[in-house]
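Peer 1: One structure is given below, represented as structure tokens, and several questions about it will come after.
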Amino acid sequence: MRAVIAEDSVLLRVGLIKVLEMGGFQVAAEAGDAEGLLAAVAEHRPELALIDVRMPPGFTDEGVRAAMEIRRRWPGTPVVLLSQYVEERYAADLLSANTSGVGYLLKQRVADVADFVAAVRRVADGGTALDPQVVAQLLLRRDSAPLARLTPREREVLGLMAEGRSNVGIAQALVASESAMAKHINNIFAKLDLPVVDADHCRVLAVLRFLGASRA
């Protein structure tokens, strides 16, 4: 898979290139600002764009706006936003249109190479990857009924679902059986009055809509 990286820090950009190459990606181009990113995507039409949220010249939301422009010009291009801190509004801006092929991760996740590559590949394959800290903030913001109906275990499962993990991935993370996870998930959908769907990205969409991720 071809990837394009936009990150103004040269050291981090080099690190990201190495990590992606270790994960089987071919880095077709790199950029230090939004303008360079858009030019690189136009030229290479990558299967993944890895984008820093804050880039020159203003270091505010240039990366988010570039990601949304990429999705407008080249629909379906998977994009992963990288942020130093949890900036819930930026995640909401990107997720408001479509959660297929979208990721929002903290830069500290890069240190766990295996998990980071798995999350990025999930996005490149059309799925969703949300940083656990973003999910936690969304859960806290909606810490009221009907979320109050959930048991602590079900809230754990819901958080992992919102990260984009499959039943198998959730079971592995919580060291439990797949059948137990399937039961928890069915209970969650029933308690939250959400439709039961099979596709992972559809499950994430339903969860994100409930958590209010599409609203700033």
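Residue numbering restarts at 1 for every chain of the structure tokens, chains are lettered A, B, ... in their displayed order, and ligands are numbered from 1 as they appear.
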Got a sec: who's within 8 Å of Ile188 (chain A), counting only C-alpha atoms, leaving out chain neighbours fewer than 6 positions off, as a list of chain:residue names?
Peer 2: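 Everything that qualifies: A:Leu150, A:Glu154, A:Leu158.
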Peer 1: Quick check for you: according to DSSP on this backbone, which residues of region 103-137 of chain A are classed as alpha helix (DSSP H)? Reply as an MDAnalysis selection string.
Peer 2: chainID A and resid 113:124 132:137
Peer 1: Could you take the residues named above and write them with N, CA, C and O atoms, as a PDB file, in the first residue's frame?
Peer 2:
```pdb
ATOM      1  N   VAL A 113       4.756  -0.017  18.194  1.00  0.00           N
ATOM      2  CA  VAL A 113       4.770  -0.184  16.740  1.00  0.00           C
ATOM      3  C   VAL A 113       3.700  -1.147  16.249  1.00  0.00           C
ATOM      4  O   VAL A 113       2.974  -0.854  15.292  1.00  0.00           O
ATOM      5  N   ALA A 114       3.565  -2.291  16.901  1.00  0.00           N
ATOM      6  CA  ALA A 114       2.617  -3.313  16.433  1.00  0.00           C
ATOM      7  C   ALA A 114       1.185  -2.793  16.464  1.00  0.00           C
ATOM      8  O   ALA A 114       0.435  -2.940  15.489  1.00  0.00           O
ATOM      9  N   ASP A 115       0.787  -2.168  17.579  1.00  0.00           N
ATOM     10  CA  ASP A 115      -0.575  -1.651  17.690  1.00  0.00           C
ATOM     11  C   ASP A 115      -0.809  -0.497  16.717  1.00  0.00           C
ATOM     12  O   ASP A 115      -1.888  -0.382  16.117  1.00  0.00           O
ATOM     13  N   PHE A 116       0.206   0.358  16.571  1.00  0.00           N
ATOM     14  CA  PHE A 116       0.062   1.497  15.664  1.00  0.00           C
ATOM     15  C   PHE A 116      -0.118   1.024  14.225  1.00  0.00           C
ATOM     16  O   PHE A 116      -1.017   1.490  13.518  1.00  0.00           O
ATOM     17  N   VAL A 117       0.712   0.105  13.797  1.00  0.00           N
ATOM     18  CA  VAL A 117       0.609  -0.410  12.430  1.00  0.00           C
ATOM     19  C   VAL A 117      -0.734  -1.105  12.218  1.00  0.00           C
ATOM     20  O   VAL A 117      -1.368  -0.949  11.167  1.00  0.00           O
ATOM     21  N   ALA A 118      -1.190  -1.851  13.226  1.00  0.00           N
ATOM     22  CA  ALA A 118      -2.480  -2.535  13.107  1.00  0.00           C
ATOM     23  C   ALA A 118      -3.611  -1.524  12.955  1.00  0.00           C
ATOM     24  O   ALA A 118      -4.527  -1.715  12.141  1.00  0.00           O
ATOM     25  N   ALA A 119      -3.560  -0.432  13.723  1.00  0.00           N
ATOM     26  CA  ALA A 119      -4.595   0.597  13.638  1.00  0.00           C
ATOM     27  C   ALA A 119      -4.571   1.283  12.274  1.00  0.00           C
ATOM     28  O   ALA A 119      -5.618   1.503  11.652  1.00  0.00           O
ATOM     29  N   VAL A 120      -3.379   1.627  11.804  1.00  0.00           N
ATOM     30  CA  VAL A 120      -3.243   2.298  10.510  1.00  0.00           C
ATOM     31  C   VAL A 120      -3.716   1.383   9.382  1.00  0.00           C
ATOM     32  O   VAL A 120      -4.409   1.823   8.459  1.00  0.00           O
ATOM     33  N   ARG A 121      -3.364   0.110   9.464  1.00  0.00           N
ATOM     34  CA  ARG A 121      -3.789  -0.830   8.420  1.00  0.00           C
ATOM     35  C   ARG A 121      -5.306  -1.010   8.440  1.00  0.00           C
ATOM     36  O   ARG A 121      -5.937  -1.162   7.392  1.00  0.00           O
ATOM     37  N   ARG A 122      -5.893  -0.987   9.638  1.00  0.00           N
ATOM     38  CA  ARG A 122      -7.344  -1.096   9.747  1.00  0.00           C
ATOM     39  C   ARG A 122      -8.012   0.055   9.001  1.00  0.00           C
ATOM     40  O   ARG A 122      -9.012  -0.128   8.305  1.00  0.00           O
ATOM     41  N   VAL A 123      -7.467   1.251   9.151  1.00  0.00           N
ATOM     42  CA  VAL A 123      -8.008   2.412   8.436  1.00  0.00           C
ATOM     43  C   VAL A 123      -7.799   2.260   6.928  1.00  0.00           C
ATOM     44  O   VAL A 123      -8.703   2.530   6.136  1.00  0.00           O
ATOM     45  N   ALA A 124      -6.597   1.830   6.536  1.00  0.00           N
ATOM     46  CA  ALA A 124      -6.306   1.657   5.109  1.00  0.00           C
ATOM     47  C   ALA A 124      -7.238   0.634   4.462  1.00  0.00           C
ATOM     48  O   ALA A 124      -7.556   0.736   3.269  1.00  0.00           O
ATOM     49  N   PRO A 132      -7.780   5.414  22.248  1.00  0.00           N
ATOM     50  CA  PRO A 132      -8.544   5.128  23.469  1.00  0.00           C
ATOM     51  C   PRO A 132      -8.843   6.368  24.300  1.00  0.00           C
ATOM     52  O   PRO A 132      -9.896   6.453  24.935  1.00  0.00           O
ATOM     53  N   GLN A 133      -7.920   7.338  24.335  1.00  0.00           N
ATOM     54  CA  GLN A 133      -8.172   8.541  25.135  1.00  0.00           C
ATOM     55  C   GLN A 133      -9.297   9.390  24.543  1.00  0.00           C
ATOM     56  O   GLN A 133     -10.041  10.047  25.269  1.00  0.00           O
ATOM     57  N   VAL A 134      -9.420   9.383  23.214  1.00  0.00           N
ATOM     58  CA  VAL A 134     -10.530  10.096  22.581  1.00  0.00           C
ATOM     59  C   VAL A 134     -11.845   9.417  22.934  1.00  0.00           C
ATOM     60  O   VAL A 134     -12.834  10.070  23.287  1.00  0.00           O
ATOM     61  N   VAL A 135     -11.843   8.086  22.848  1.00  0.00           N
ATOM     62  CA  VAL A 135     -13.040   7.327  23.197  1.00  0.00           C
ATOM     63  C   VAL A 135     -13.442   7.598  24.638  1.00  0.00           C
ATOM     64  O   VAL A 135     -14.615   7.799  24.954  1.00  0.00           O
ATOM     65  N   ALA A 136     -12.455   7.616  25.544  1.00  0.00           N
ATOM     66  CA  ALA A 136     -12.736   7.851  26.958  1.00  0.00           C
ATOM     67  C   ALA A 136     -13.399   9.213  27.159  1.00  0.00           C
ATOM     68  O   ALA A 136     -14.346   9.344  27.945  1.00  0.00           O
ATOM     69  N   GLN A 137     -12.929  10.235  26.453  1.00  0.00           N
ATOM     70  CA  GLN A 137     -13.528  11.562  26.598  1.00  0.00           C
ATOM     71  C   GLN A 137     -14.959  11.590  26.074  1.00  0.00           C
ATOM     72  O   GLN A 137     -15.839  12.242  26.646  1.00  0.00           O
TER      73      GLN A 137
END
```
Peer 1: So which one's closest to Leu192 (chain A), A:Ala39, A:Leu147, A:Val79, A:Ile5? Using only C-alpha atoms, please.
Peer 2: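 For Leu192 (chain A), the nearest of the given residues is A:Leu147.
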Peer 1: In region 20-180 of chain A, what's strand (DSSP E or B) per DSSP? Answer as number ranges by chain?
Peer 2: A: 26-31, 48-52, 79-83, 102-106, 128-130
Peer 1: For a test of reading the model, state the distance in Å between CA of Leu174 (chain A) and CA of Phe189 (chain A), rounded to one decimal.
Peer 2: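 Rounded to one decimal, the two atoms are 18.9 Å apart.
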Peer 1: Find the distance between CA of Asp61 (chain A) and CA of Ala129 (chain A) and write it in Å to one decimal.
Peer 2: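 Interatomic distance here is 19.6 Å.
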Peer 1: CA of Val14 (chain A) and CA of Ala162 (chain A), how far apart in Å?
Peer 2: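 Going from CA of Ala162 (chain A) over to CA of Val14 (chain A) covers 29.6 Å.
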Peer 1: Closest to Ala40 (chain A) among A:Val53, A:Val19, A:Ala28, A:Glu7, using only C-alpha atoms?
Peer 2: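 Ranking A:Val53, A:Val19, A:Ala28, A:Glu7 by distance to Ala40 (chain A), first place goes to A:Ala28.
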Peer 1: Applying 12 Å and only C-alpha atoms, which residues near Thr60 (chain A) remain after dropping the ones on its own chain fewer than 2 positions away? List them as a PyMOL selection string.
Peer 2: chain A and resi 33-34+52-58+62-66+83-84+87+89-90
Peer 1: How about saving the chosen residues, N, CA and C atoms kept, as a PDB file, in the first residue's frame?
Peer 2:
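To be explicit, this is the file written out as selection02.pdb:
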```pdb
ATOM      1  N   ASP A  33       3.857  20.457   5.267  1.00  0.00           N
ATOM      2  CA  ASP A  33       2.724  21.364   5.438  1.00  0.00           C
ATOM      3  C   ASP A  33       1.541  20.869   4.613  1.00  0.00           C
ATOM      4  N   ALA A  34       0.397  21.528   4.808  1.00  0.00           N
ATOM      5  CA  ALA A  34      -0.833  21.079   4.160  1.00  0.00           C
ATOM      6  C   ALA A  34      -0.766  21.217   2.644  1.00  0.00           C
ATOM      7  N   ASP A  52      -0.480  15.097  10.365  1.00  0.00           N
ATOM      8  CA  ASP A  52      -0.399  15.805  11.639  1.00  0.00           C
ATOM      9  C   ASP A  52      -1.537  16.825  11.715  1.00  0.00           C
ATOM     10  N   VAL A  53      -2.189  16.920  12.874  1.00  0.00           N
ATOM     11  CA  VAL A  53      -3.295  17.869  13.031  1.00  0.00           C
ATOM     12  C   VAL A  53      -2.825  19.307  12.877  1.00  0.00           C
ATOM     13  N   ARG A  54      -1.709  19.656  13.528  1.00  0.00           N
ATOM     14  CA  ARG A  54      -1.221  21.045  13.541  1.00  0.00           C
ATOM     15  C   ARG A  54       0.030  21.159  12.665  1.00  0.00           C
ATOM     16  N   MET A  55      -0.051  21.962  11.639  1.00  0.00           N
ATOM     17  CA  MET A  55       1.078  22.134  10.728  1.00  0.00           C
ATOM     18  C   MET A  55       1.233  23.607  10.373  1.00  0.00           C
ATOM     19  N   PRO A  56       2.360  23.964   9.735  1.00  0.00           N
ATOM     20  CA  PRO A  56       2.548  25.355   9.305  1.00  0.00           C
ATOM     21  C   PRO A  56       1.435  25.756   8.326  1.00  0.00           C
ATOM     22  N   PRO A  57       1.121  27.064   8.269  1.00  0.00           N
ATOM     23  CA  PRO A  57       1.828  28.157   8.950  1.00  0.00           C
ATOM     24  C   PRO A  57       1.253  28.511  10.326  1.00  0.00           C
ATOM     25  N   GLY A  58       0.018  28.119  10.604  1.00  0.00           N
ATOM     26  CA  GLY A  58      -0.642  28.566  11.828  1.00  0.00           C
ATOM     27  C   GLY A  58      -0.551  27.615  12.997  1.00  0.00           C
ATOM     28  N   GLU A  62      -4.637  22.967  10.477  1.00  0.00           N
ATOM     29  CA  GLU A  62      -4.312  22.823   9.043  1.00  0.00           C
ATOM     30  C   GLU A  62      -4.445  21.374   8.573  1.00  0.00           C
ATOM     31  N   GLY A  63      -4.003  20.448   9.400  1.00  0.00           N
ATOM     32  CA  GLY A  63      -4.064  19.039   9.017  1.00  0.00           C
ATOM     33  C   GLY A  63      -5.485  18.533   8.898  1.00  0.00           C
ATOM     34  N   VAL A  64      -6.352  18.954   9.814  1.00  0.00           N
ATOM     35  CA  VAL A  64      -7.756  18.546   9.768  1.00  0.00           C
ATOM     36  C   VAL A  64      -8.412  19.069   8.490  1.00  0.00           C
ATOM     37  N   ARG A  65      -8.176  20.343   8.199  1.00  0.00           N
ATOM     38  CA  ARG A  65      -8.788  20.934   7.000  1.00  0.00           C
ATOM     39  C   ARG A  65      -8.251  20.268   5.738  1.00  0.00           C
ATOM     40  N   ALA A  66      -6.968  19.918   5.742  1.00  0.00           N
ATOM     41  CA  ALA A  66      -6.389  19.224   4.587  1.00  0.00           C
ATOM     42  C   ALA A  66      -6.994  17.831   4.432  1.00  0.00           C
ATOM     43  N   SER A  83      -2.185  13.505  16.557  1.00  0.00           N
ATOM     44  CA  SER A  83      -2.234  14.681  17.413  1.00  0.00           C
ATOM     45  C   SER A  83      -1.378  14.469  18.654  1.00  0.00           C
ATOM     46  N   GLN A  84      -0.808  15.560  19.146  1.00  0.00           N
ATOM     47  CA  GLN A  84      -0.007  15.491  20.364  1.00  0.00           C
ATOM     48  C   GLN A  84      -0.896  15.302  21.585  1.00  0.00           C
ATOM     49  N   GLU A  87      -7.773  16.255  21.071  1.00  0.00           N
ATOM     50  CA  GLU A  87      -8.503  17.437  20.620  1.00  0.00           C
ATOM     51  C   GLU A  87      -9.801  16.947  20.003  1.00  0.00           C
ATOM     52  N   ARG A  89     -12.671  18.096  19.292  1.00  0.00           N
ATOM     53  CA  ARG A  89     -13.381  18.808  18.220  1.00  0.00           C
ATOM     54  C   ARG A  89     -12.850  18.421  16.856  1.00  0.00           C
ATOM     55  N   TYR A  90     -11.529  18.245  16.747  1.00  0.00           N
ATOM     56  CA  TYR A  90     -10.953  17.896  15.461  1.00  0.00           C
ATOM     57  C   TYR A  90     -11.365  16.494  15.033  1.00  0.00           C
TER      58      TYR A  90
END
```
Peer 1: Taking only C-alpha atoms into account, which of A:Gly159, A:Pro46, A:Gly15, A:Pro152 comes nearest Trp74 (chain A)?
Peer 2: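 So, comparing all the options, the nearest one is A:Pro46.
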Peer 1: If we count only C-alpha atoms and set the cut-off at 12 Å, which residues sit around Asn187 (chain A), ignoring sequence neighbours fewer than 2 positions away in its own chain? Please answer as a PyMOL selection string.
Peer 2: chain A and resi 147+149-151+153-155+157-158+180-185+189-196
Peer 1: Since we have the selection now, will you write its residues out, keeping N, CA and C atoms, as a PDB file, in the first residue's frame?
Peer 2:
```
ATOM      1  N   LEU A 147     -26.319   5.487  28.825  1.00  0.00           N
ATOM      2  CA  LEU A 147     -25.015   4.892  29.122  1.00  0.00           C
ATOM      3  C   LEU A 147     -24.960   4.348  30.538  1.00  0.00           C
ATOM      4  N   ARG A 149     -26.970   2.629  31.928  1.00  0.00           N
ATOM      5  CA  ARG A 149     -27.503   1.261  31.969  1.00  0.00           C
ATOM      6  C   ARG A 149     -26.396   0.213  31.852  1.00  0.00           C
ATOM      7  N   LEU A 150     -25.251   0.614  31.323  1.00  0.00           N
ATOM      8  CA  LEU A 150     -24.183  -0.348  31.047  1.00  0.00           C
ATOM      9  C   LEU A 150     -23.413  -0.708  32.311  1.00  0.00           C
ATOM     10  N   THR A 151     -22.998  -1.961  32.375  1.00  0.00           N
ATOM     11  CA  THR A 151     -22.124  -2.391  33.455  1.00  0.00           C
ATOM     12  C   THR A 151     -20.714  -1.890  33.166  1.00  0.00           C
ATOM     13  N   ARG A 153     -18.038  -3.562  32.759  1.00  0.00           N
ATOM     14  CA  ARG A 153     -17.461  -4.410  31.717  1.00  0.00           C
ATOM     15  C   ARG A 153     -17.992  -4.018  30.348  1.00  0.00           C
ATOM     16  N   GLU A 154     -19.281  -3.737  30.276  1.00  0.00           N
ATOM     17  CA  GLU A 154     -19.875  -3.342  28.997  1.00  0.00           C
ATOM     18  C   GLU A 154     -19.324  -2.003  28.529  1.00  0.00           C
ATOM     19  N   ARG A 155     -19.000  -1.115  29.446  1.00  0.00           N
ATOM     20  CA  ARG A 155     -18.401   0.163  29.065  1.00  0.00           C
ATOM     21  C   ARG A 155     -16.995  -0.056  28.505  1.00  0.00           C
ATOM     22  N   VAL A 157     -16.044  -2.746  26.900  1.00  0.00           N
ATOM     23  CA  VAL A 157     -16.268  -3.318  25.571  1.00  0.00           C
ATOM     24  C   VAL A 157     -16.683  -2.226  24.586  1.00  0.00           C
ATOM     25  N   LEU A 158     -17.570  -1.323  25.030  1.00  0.00           N
ATOM     26  CA  LEU A 158     -18.007  -0.233  24.162  1.00  0.00           C
ATOM     27  C   LEU A 158     -16.829   0.639  23.737  1.00  0.00           C
ATOM     28  N   ALA A 180     -18.278 -14.726  25.017  1.00  0.00           N
ATOM     29  CA  ALA A 180     -18.588 -13.769  26.084  1.00  0.00           C
ATOM     30  C   ALA A 180     -18.655 -12.357  25.525  1.00  0.00           C
ATOM     31  N   MET A 181     -17.731 -12.024  24.610  1.00  0.00           N
ATOM     32  CA  MET A 181     -17.733 -10.692  24.006  1.00  0.00           C
ATOM     33  C   MET A 181     -18.982 -10.479  23.153  1.00  0.00           C
ATOM     34  N   ALA A 182     -19.373 -11.504  22.412  1.00  0.00           N
ATOM     35  CA  ALA A 182     -20.571 -11.388  21.581  1.00  0.00           C
ATOM     36  C   ALA A 182     -21.796 -11.116  22.456  1.00  0.00           C
ATOM     37  N   LYS A 183     -21.848 -11.755  23.626  1.00  0.00           N
ATOM     38  CA  LYS A 183     -22.969 -11.533  24.543  1.00  0.00           C
ATOM     39  C   LYS A 183     -22.962 -10.101  25.073  1.00  0.00           C
ATOM     40  N   HIS A 184     -21.768  -9.629  25.467  1.00  0.00           N
ATOM     41  CA  HIS A 184     -21.656  -8.248  25.951  1.00  0.00           C
ATOM     42  C   HIS A 184     -22.093  -7.255  24.878  1.00  0.00           C
ATOM     43  N   ILE A 185     -21.644  -7.471  23.658  1.00  0.00           N
ATOM     44  CA  ILE A 185     -21.948  -6.548  22.559  1.00  0.00           C
ATOM     45  C   ILE A 185     -23.441  -6.516  22.264  1.00  0.00           C
ATOM     46  N   PHE A 189     -25.874  -3.153  22.536  1.00  0.00           N
ATOM     47  CA  PHE A 189     -26.757  -2.646  21.493  1.00  0.00           C
ATOM     48  C   PHE A 189     -28.203  -2.604  21.971  1.00  0.00           C
ATOM     49  N   ALA A 190     -28.595  -3.602  22.748  1.00  0.00           N
ATOM     50  CA  ALA A 190     -29.968  -3.636  23.261  1.00  0.00           C
ATOM     51  C   ALA A 190     -30.207  -2.485  24.237  1.00  0.00           C
ATOM     52  N   LYS A 191     -29.259  -2.261  25.150  1.00  0.00           N
ATOM     53  CA  LYS A 191     -29.425  -1.212  26.164  1.00  0.00           C
ATOM     54  C   LYS A 191     -29.365   0.194  25.565  1.00  0.00           C
ATOM     55  N   LEU A 192     -28.607   0.353  24.472  1.00  0.00           N
ATOM     56  CA  LEU A 192     -28.471   1.666  23.856  1.00  0.00           C
ATOM     57  C   LEU A 192     -29.419   1.877  22.684  1.00  0.00           C
ATOM     58  N   ASP A 193     -30.277   0.855  22.446  1.00  0.00           N
ATOM     59  CA  ASP A 193     -31.252   0.949  21.351  1.00  0.00           C
ATOM     60  C   ASP A 193     -30.573   1.191  20.010  1.00  0.00           C
ATOM     61  N   LEU A 194     -29.452   0.502  19.794  1.00  0.00           N
ATOM     62  CA  LEU A 194     -28.719   0.611  18.541  1.00  0.00           C
ATOM     63  C   LEU A 194     -28.987  -0.616  17.677  1.00  0.00           C
ATOM     64  N   PRO A 195     -28.958  -0.448  16.344  1.00  0.00           N
ATOM     65  CA  PRO A 195     -29.168  -1.606  15.465  1.00  0.00           C
ATOM     66  C   PRO A 195     -27.992  -2.560  15.542  1.00  0.00           C
ATOM     67  N   VAL A 196     -28.263  -3.844  15.474  1.00  0.00           N
ATOM     68  CA  VAL A 196     -27.208  -4.858  15.475  1.00  0.00           C
ATOM     69  C   VAL A 196     -26.777  -5.083  14.030  1.00  0.00           C
TER      70      VAL A 196
END
```
